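Trainee: Handing you this structure, nothing more for now.
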Amino acid sequence: MSTTPAPRPSSEPAPSLFTWEFASDPYPAYAWLREHAPVHRTTLPSGVEAWLVTRYADARQALADQRLSKNPAHHAESPHAKGKTGIPGERKAELMTHLLNIDPPDHTRLRRLVSKAFTPRRVAEFTPRVQELTDRLIDSFVEKGSADLIHEFAFPLPIYAICDLLGVPEEDQDDFRDWAGMMIRHGGGPRGGVARSVKKMRGYLAELIHRKRLDPGDDLISGLIKASDHGEHLTENEAAAMAFILLFAGFETTVNLIGNGVYQLLRHPEQRERLQASIAAGETGLLETGVEELLRYDGPVEMATWRYATESLTIGGQEIPAGDPVLVVLAAADRDPERFDGPDTLDLARRDNQHLGYGHGIHYCLGAPLARLEGQTALATLLTRLPDLRLAAEPGELRWRGGLIMRGLRTLPVDFSASVRVHKPDSVSEM
């Protein structure tokens, strides 16, 4: 990798950020920032001022720099401004003690405990259930010849999957679907609806954890309760916060991974046909590298979650004062031409692909194996069962959800040749 070039002065003003036009295609604006203002101070839609880090090398440094705290207590602004950062409602619901909001040594202890419950083996054993959920959701619309792949497929799949993994009883899973839907619909707008959903979810999780203590099962919440390290256990608040963040962080990222991934495959027919042929031949290599490339090219997480400078520090030649928020723009870093050859080209076979879609450093996404499993299963099954899948709207007609951290489509209307079901459940709610 070549030496990072110095920012080039520009006679043009910085591009407008956080508009609807920007949400549709932020990549030209991010290219301008990488070249002219790679560490850029801006005012966010909430009114909070923060630094945006857009180059790959700077992003990796920032993601691993422990002087950038995850704890909102280090934000230098007023309590009112602090309330505009993080996940809406988590403060009032006492859900702050999760991995996205804490630093070592508490982060080290919690991650070690959670890792004992959320193991690669548990995820691998979940593979047949993810396939079953995927097929049943496709069964629910396959005879129509059309669907909105966000609301009918990409959204419910990870909700039902994470509920199953956590141990939420089937009769309660539709409540979680409603709460999660409120979070997605209002994530970029008024925070009241989200906060109410978070409060309801917190109350339910507290009750569920109490029941699991009395009658544990072979599920993730029971595993969180039982996990111990040198005699240490998660407190009830910690267990509730961890279950919440696994749900919150685990569902919307996968919704966007599937939605964005399908959308880009439909916009790049030669890549899609190549992947279909590989899947039909029983190969897995192109599917695996392809999901990683879709994560890099148009990933589900636009910016890493909030960080706060605990002391004055320098990133990319720019001094960041103590107390300032820093947002690492993963979407910009993963299109950096200093790191990736042809970064604006979708290449499902790309090998040198150390993208930052799952983060970097001690906060690397704990749920990455589950997201990969769901993404690979969803794409392979869609392309196999709906081989002539096509967009039912012009790209310019599609709308992206407003928000800061996540990047995803509101809807994804598609057409395809209607076919018969694989399974015959009475309803999707049987899941």
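Identifiers in this document derive from the order of the structure tokens: chains are assigned A, B, ..., residues are numbered from 1 separately in each chain, and ligands are numbered from 1 in order of occurrence.
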If you take only C-alpha atoms and a cut-off of 6 Å, which residues of range 120-185 of chain A touch range 219-243 of chain A, and what are their nearest atom pairs and distances in Å to one decimal, in chain and number order, as a tab-separated table?
Mentor:
```
residue	atom	partner	partner_atom	distance
A:Leu165	CA	A:Leu220	CA	5.8
A:Leu166	CA	A:Leu220	CA	4.5
A:Gly167	CA	A:Asp219	CA	5.0
```
Trainee: Dump N, CA and C atoms for the selected residues as a PDB file, in the first residue's frame?
Mentor:
```pdb
ATOM      1  N   LEU A 165     -32.467 -17.966  18.119  1.00  0.00           N
ATOM      2  CA  LEU A 165     -31.164 -18.158  18.739  1.00  0.00           C
ATOM      3  C   LEU A 165     -31.173 -17.717  20.197  1.00  0.00           C
ATOM      4  N   LEU A 166     -31.832 -16.580  20.479  1.00  0.00           N
ATOM      5  CA  LEU A 166     -31.897 -16.079  21.853  1.00  0.00           C
ATOM      6  C   LEU A 166     -32.777 -16.945  22.736  1.00  0.00           C
ATOM      7  N   GLY A 167     -33.768 -17.614  22.163  1.00  0.00           N
ATOM      8  CA  GLY A 167     -34.685 -18.418  22.954  1.00  0.00           C
ATOM      9  C   GLY A 167     -36.008 -17.728  23.215  1.00  0.00           C
TER      10      GLY A 167
END
```
Trainee: Within 10 Å of range 405-417 of chain A, which residues of range 305-384 of chain A come that close, and what is the closest atom pair and distance in Å for each? Count only C-alpha atoms and give it as a Markdown table.
Mentor:
```
| residue | atom | partner | partner_atom | distance |
| --- | --- | --- | --- | --- |
| A:Thr305 | CA | A:Ile405 | CA | 6.6 |
| A:Trp306 | CA | A:Ile405 | CA | 8.9 |
| A:Leu327 | CA | A:Ile405 | CA | 9.0 |
| A:Val328 | CA | A:Ile405 | CA | 9.8 |
| A:Val329 | CA | A:Ile405 | CA | 8.9 |
| A:Leu330 | CA | A:Ile405 | CA | 9.6 |
| A:Ala331 | CA | A:Arg407 | CA | 9.1 |
```
Trainee: Mind listing the helix (DSSP H, G or I) residues of range 242-353 of chain A, per DSSP on the backbone, as a VMD selection string?
Mentor: chain A and resid 242 to 267 269 to 280 285 to 298 330 to 333
Trainee: Using only C-alpha atoms, which of the listed residues (A:Met182, A:Met201, A:Ala332, A:Leu133) sits closest to Val168 in chain A?
Mentor: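 Of A:Met182, A:Met201, A:Ala332, A:Leu133, the one nearest Val168 in chain A is A:Met201, counting only C-alpha atoms.
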Trainee: Work out how far apart CA of Thr134 in chain A and CA of Tyr204 in chain A are and give it in Å to one decimal.
Mentor: 26.3 Å
Trainee: From the list A:Ile320, A:Ala371, A:Leu379, A:Leu313, which residue is nearest Leu286 in chain A when using only C-alpha atoms?
Mentor: A:Leu379
Trainee: Report, in Å with one decimal, the straight-line distance from CA of Ala368 in chain A to CA of Arg211 in chain A.
Mentor: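 Interatomic distance here is 28.4 Å.
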Trainee: Per DSSP on the backbone, filter range 128-359 of chain A down to the residues in strand (DSSP E) and report them as a list in words.
Mentor: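 The residues of range 128-359 of chain A classed as strand (DSSP E) are Ser146, Ala147, Asp148, Ser228, Asp229, Glu232, His233, Arg307, Tyr308, Ala309, Leu313, Thr314, Ile315, Gln318, Glu319, Ile320, Pro325, Val326, Leu327 and Val328 of chain A.
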Trainee: Output the selection as a compact mmCIF listing (two decimals), in the first residue's frame - N, CA, C and O atoms for each residue.
Mentor:
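So again27.txt came out as:
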```
# COMPACT_ATOMS: atom_id res chain seq x y z
N SER A 146 -44.18 -11.72 -7.56
CA SER A 146 -43.64 -10.41 -7.20
C SER A 146 -43.55 -10.33 -5.67
O SER A 146 -44.22 -11.09 -4.95
N ALA A 147 -42.72 -9.42 -5.20
CA ALA A 147 -42.57 -9.27 -3.75
C ALA A 147 -41.82 -7.98 -3.45
O ALA A 147 -41.16 -7.41 -4.33
N ASP A 148 -41.96 -7.52 -2.23
CA ASP A 148 -41.05 -6.50 -1.70
C ASP A 148 -40.05 -7.25 -0.84
O ASP A 148 -40.38 -7.71 0.25
N SER A 228 -19.69 -18.14 32.74
CA SER A 228 -18.90 -17.64 33.88
C SER A 228 -17.43 -17.65 33.51
O SER A 228 -16.99 -18.39 32.63
N ASP A 229 -16.68 -16.82 34.20
CA ASP A 229 -15.24 -16.73 33.98
C ASP A 229 -14.59 -16.43 35.32
O ASP A 229 -14.77 -15.35 35.88
N GLU A 232 -17.04 -15.22 37.76
CA GLU A 232 -17.82 -14.03 37.41
C GLU A 232 -18.95 -14.40 36.46
O GLU A 232 -18.78 -15.24 35.57
N HIS A 233 -20.11 -13.80 36.67
CA HIS A 233 -21.26 -13.98 35.79
C HIS A 233 -21.76 -12.61 35.33
O HIS A 233 -21.45 -11.59 35.94
N ARG A 307 -17.70 7.09 18.83
CA ARG A 307 -16.49 7.10 19.64
C ARG A 307 -16.24 8.53 20.13
O ARG A 307 -16.66 9.48 19.47
N TYR A 308 -15.54 8.66 21.27
CA TYR A 308 -15.31 9.97 21.88
C TYR A 308 -13.85 10.07 22.30
O TYR A 308 -13.31 9.16 22.95
N ALA A 309 -13.19 11.17 21.92
CA ALA A 309 -11.77 11.35 22.26
C ALA A 309 -11.62 11.59 23.76
O ALA A 309 -12.19 12.53 24.31
N LEU A 313 -5.91 14.11 20.31
CA LEU A 313 -5.13 13.17 19.50
C LEU A 313 -5.19 13.60 18.05
O LEU A 313 -6.00 14.46 17.67
N THR A 314 -4.33 12.99 17.23
CA THR A 314 -4.24 13.35 15.82
C THR A 314 -4.61 12.15 14.97
O THR A 314 -4.09 11.04 15.16
N ILE A 315 -5.51 12.37 14.01
CA ILE A 315 -5.89 11.35 13.04
C ILE A 315 -5.74 11.96 11.66
O ILE A 315 -6.29 13.04 11.38
N GLN A 318 -4.99 15.59 11.40
CA GLN A 318 -5.97 16.52 11.97
C GLN A 318 -6.04 16.33 13.49
O GLN A 318 -6.23 15.21 13.97
N GLU A 319 -5.91 17.41 14.26
CA GLU A 319 -6.02 17.30 15.71
C GLU A 319 -7.49 17.22 16.11
O GLU A 319 -8.32 18.02 15.68
N ILE A 320 -7.79 16.25 16.95
CA ILE A 320 -9.14 16.05 17.47
C ILE A 320 -9.13 16.44 18.95
O ILE A 320 -8.43 15.82 19.75
N PRO A 325 -16.85 13.88 19.48
CA PRO A 325 -17.25 12.60 18.89
C PRO A 325 -16.54 12.36 17.56
O PRO A 325 -16.27 13.30 16.81
N VAL A 326 -16.26 11.09 17.30
CA VAL A 326 -15.61 10.68 16.06
C VAL A 326 -16.44 9.56 15.45
O VAL A 326 -16.77 8.57 16.12
N LEU A 327 -16.77 9.70 14.17
CA LEU A 327 -17.50 8.67 13.43
C LEU A 327 -16.62 8.18 12.29
O LEU A 327 -16.24 8.96 11.41
N VAL A 328 -16.28 6.91 12.32
CA VAL A 328 -15.48 6.30 11.26
C VAL A 328 -16.42 5.88 10.13
O VAL A 328 -17.34 5.07 10.35
```
Trainee: Interatomic distance between CA of Gly375 in chain A and CA of Val255 in chain A?
Mentor: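 Going from CA of Gly375 in chain A over to CA of Val255 in chain A, I get 9.0 Å.
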Trainee: Extract, using only C-alpha atoms, all DNA, RNA and protein residues at most 8 Å from range 336-343 of chain A, discarding same-chain residues fewer than 2 positions from it, and format them as a ChimeraX atom specification.
Mentor: /A:1-2,4,31,34,55-56,297,332-334,345-346,352-353
Trainee: Using only C-alpha atoms, determine which residues lie at most 10 Å from Pro26 in chain A, disregarding the query and same-chain residues fewer than 3 positions distant; provide the list as a PyMOL selection string.
Mentor: chain A and resi 15-23+29-31+302+331-332
Trainee: Using only C-alpha atoms for the distances, tell me which of A:Asp135, A:Asp324, A:Glu270, A:Glu170 is nearest to Arg421 in chain A.
Mentor: A:Asp135
Trainee: Under the rule that only C-alpha atoms are counted, which of A:Arg136, A:Arg272, A:His107, A:Lys200 is the nearest residue to Thr384 in chain A?
Mentor: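 Of all the options, A:Arg272 lies closest to Thr384 in chain A.
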Trainee: Could you give me, as an NGL selection string, the residues within 12 Å of Ala249 in chain A, counting only C-alpha atoms and dropping anything in the same chain fewer than 5 positions from it?
Mentor: :A and (87 or 98-100 or 158-159 or 162 or 180 or 183-184 or 241-244 or 254-256 or 300-301 or 304-305 or 358 or 365-368 or 370-371 or 405-406)
Trainee: Name all residues at most 7 Å from His40 in chain A (count only C-alpha atoms; drop same-chain ones fewer than 4 positions away) and give them as a PyMOL selection string.
Mentor: chain A and resi 51-53
Trainee: Output the selection as a PDB file, in the first residue's frame - N, CA, C and O atoms for each residue.
Mentor:
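Output saved as again_28.pdb:
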```pdb
ATOM      1  N   TRP A  51     -16.558  14.493  14.040  1.00  0.00           N
ATOM      2  CA  TRP A  51     -15.529  14.322  13.013  1.00  0.00           C
ATOM      3  C   TRP A  51     -15.835  13.062  12.209  1.00  0.00           C
ATOM      4  O   TRP A  51     -16.105  12.005  12.787  1.00  0.00           O
ATOM      5  N   LEU A  52     -15.753  13.160  10.873  1.00  0.00           N
ATOM      6  CA  LEU A  52     -15.914  12.019   9.988  1.00  0.00           C
ATOM      7  C   LEU A  52     -14.540  11.593   9.479  1.00  0.00           C
ATOM      8  O   LEU A  52     -13.804  12.407   8.922  1.00  0.00           O
ATOM      9  N   VAL A  53     -14.199  10.341   9.663  1.00  0.00           N
ATOM     10  CA  VAL A  53     -12.917   9.776   9.210  1.00  0.00           C
ATOM     11  C   VAL A  53     -13.211   8.921   7.985  1.00  0.00           C
ATOM     12  O   VAL A  53     -13.990   7.956   8.068  1.00  0.00           O
TER      13      VAL A  53
END
```
Trainee: Taking only C-alpha atoms into account, which of A:Pro28, A:Pro156, A:Pro38, A:Pro387 comes nearest Glu273 in chain A?
Mentor: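 With only C-alpha atoms as the atom set, the closest residue is A:Pro387.
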Trainee: Taking 2 positions as the minimum chain separation for residues in the same chain, which residues sit within 6 Å of His75 in chain A when counting only C-alpha atoms? Answer as a PyMOL selection string.
Mentor: chain A and resi 72-73+77+308+323
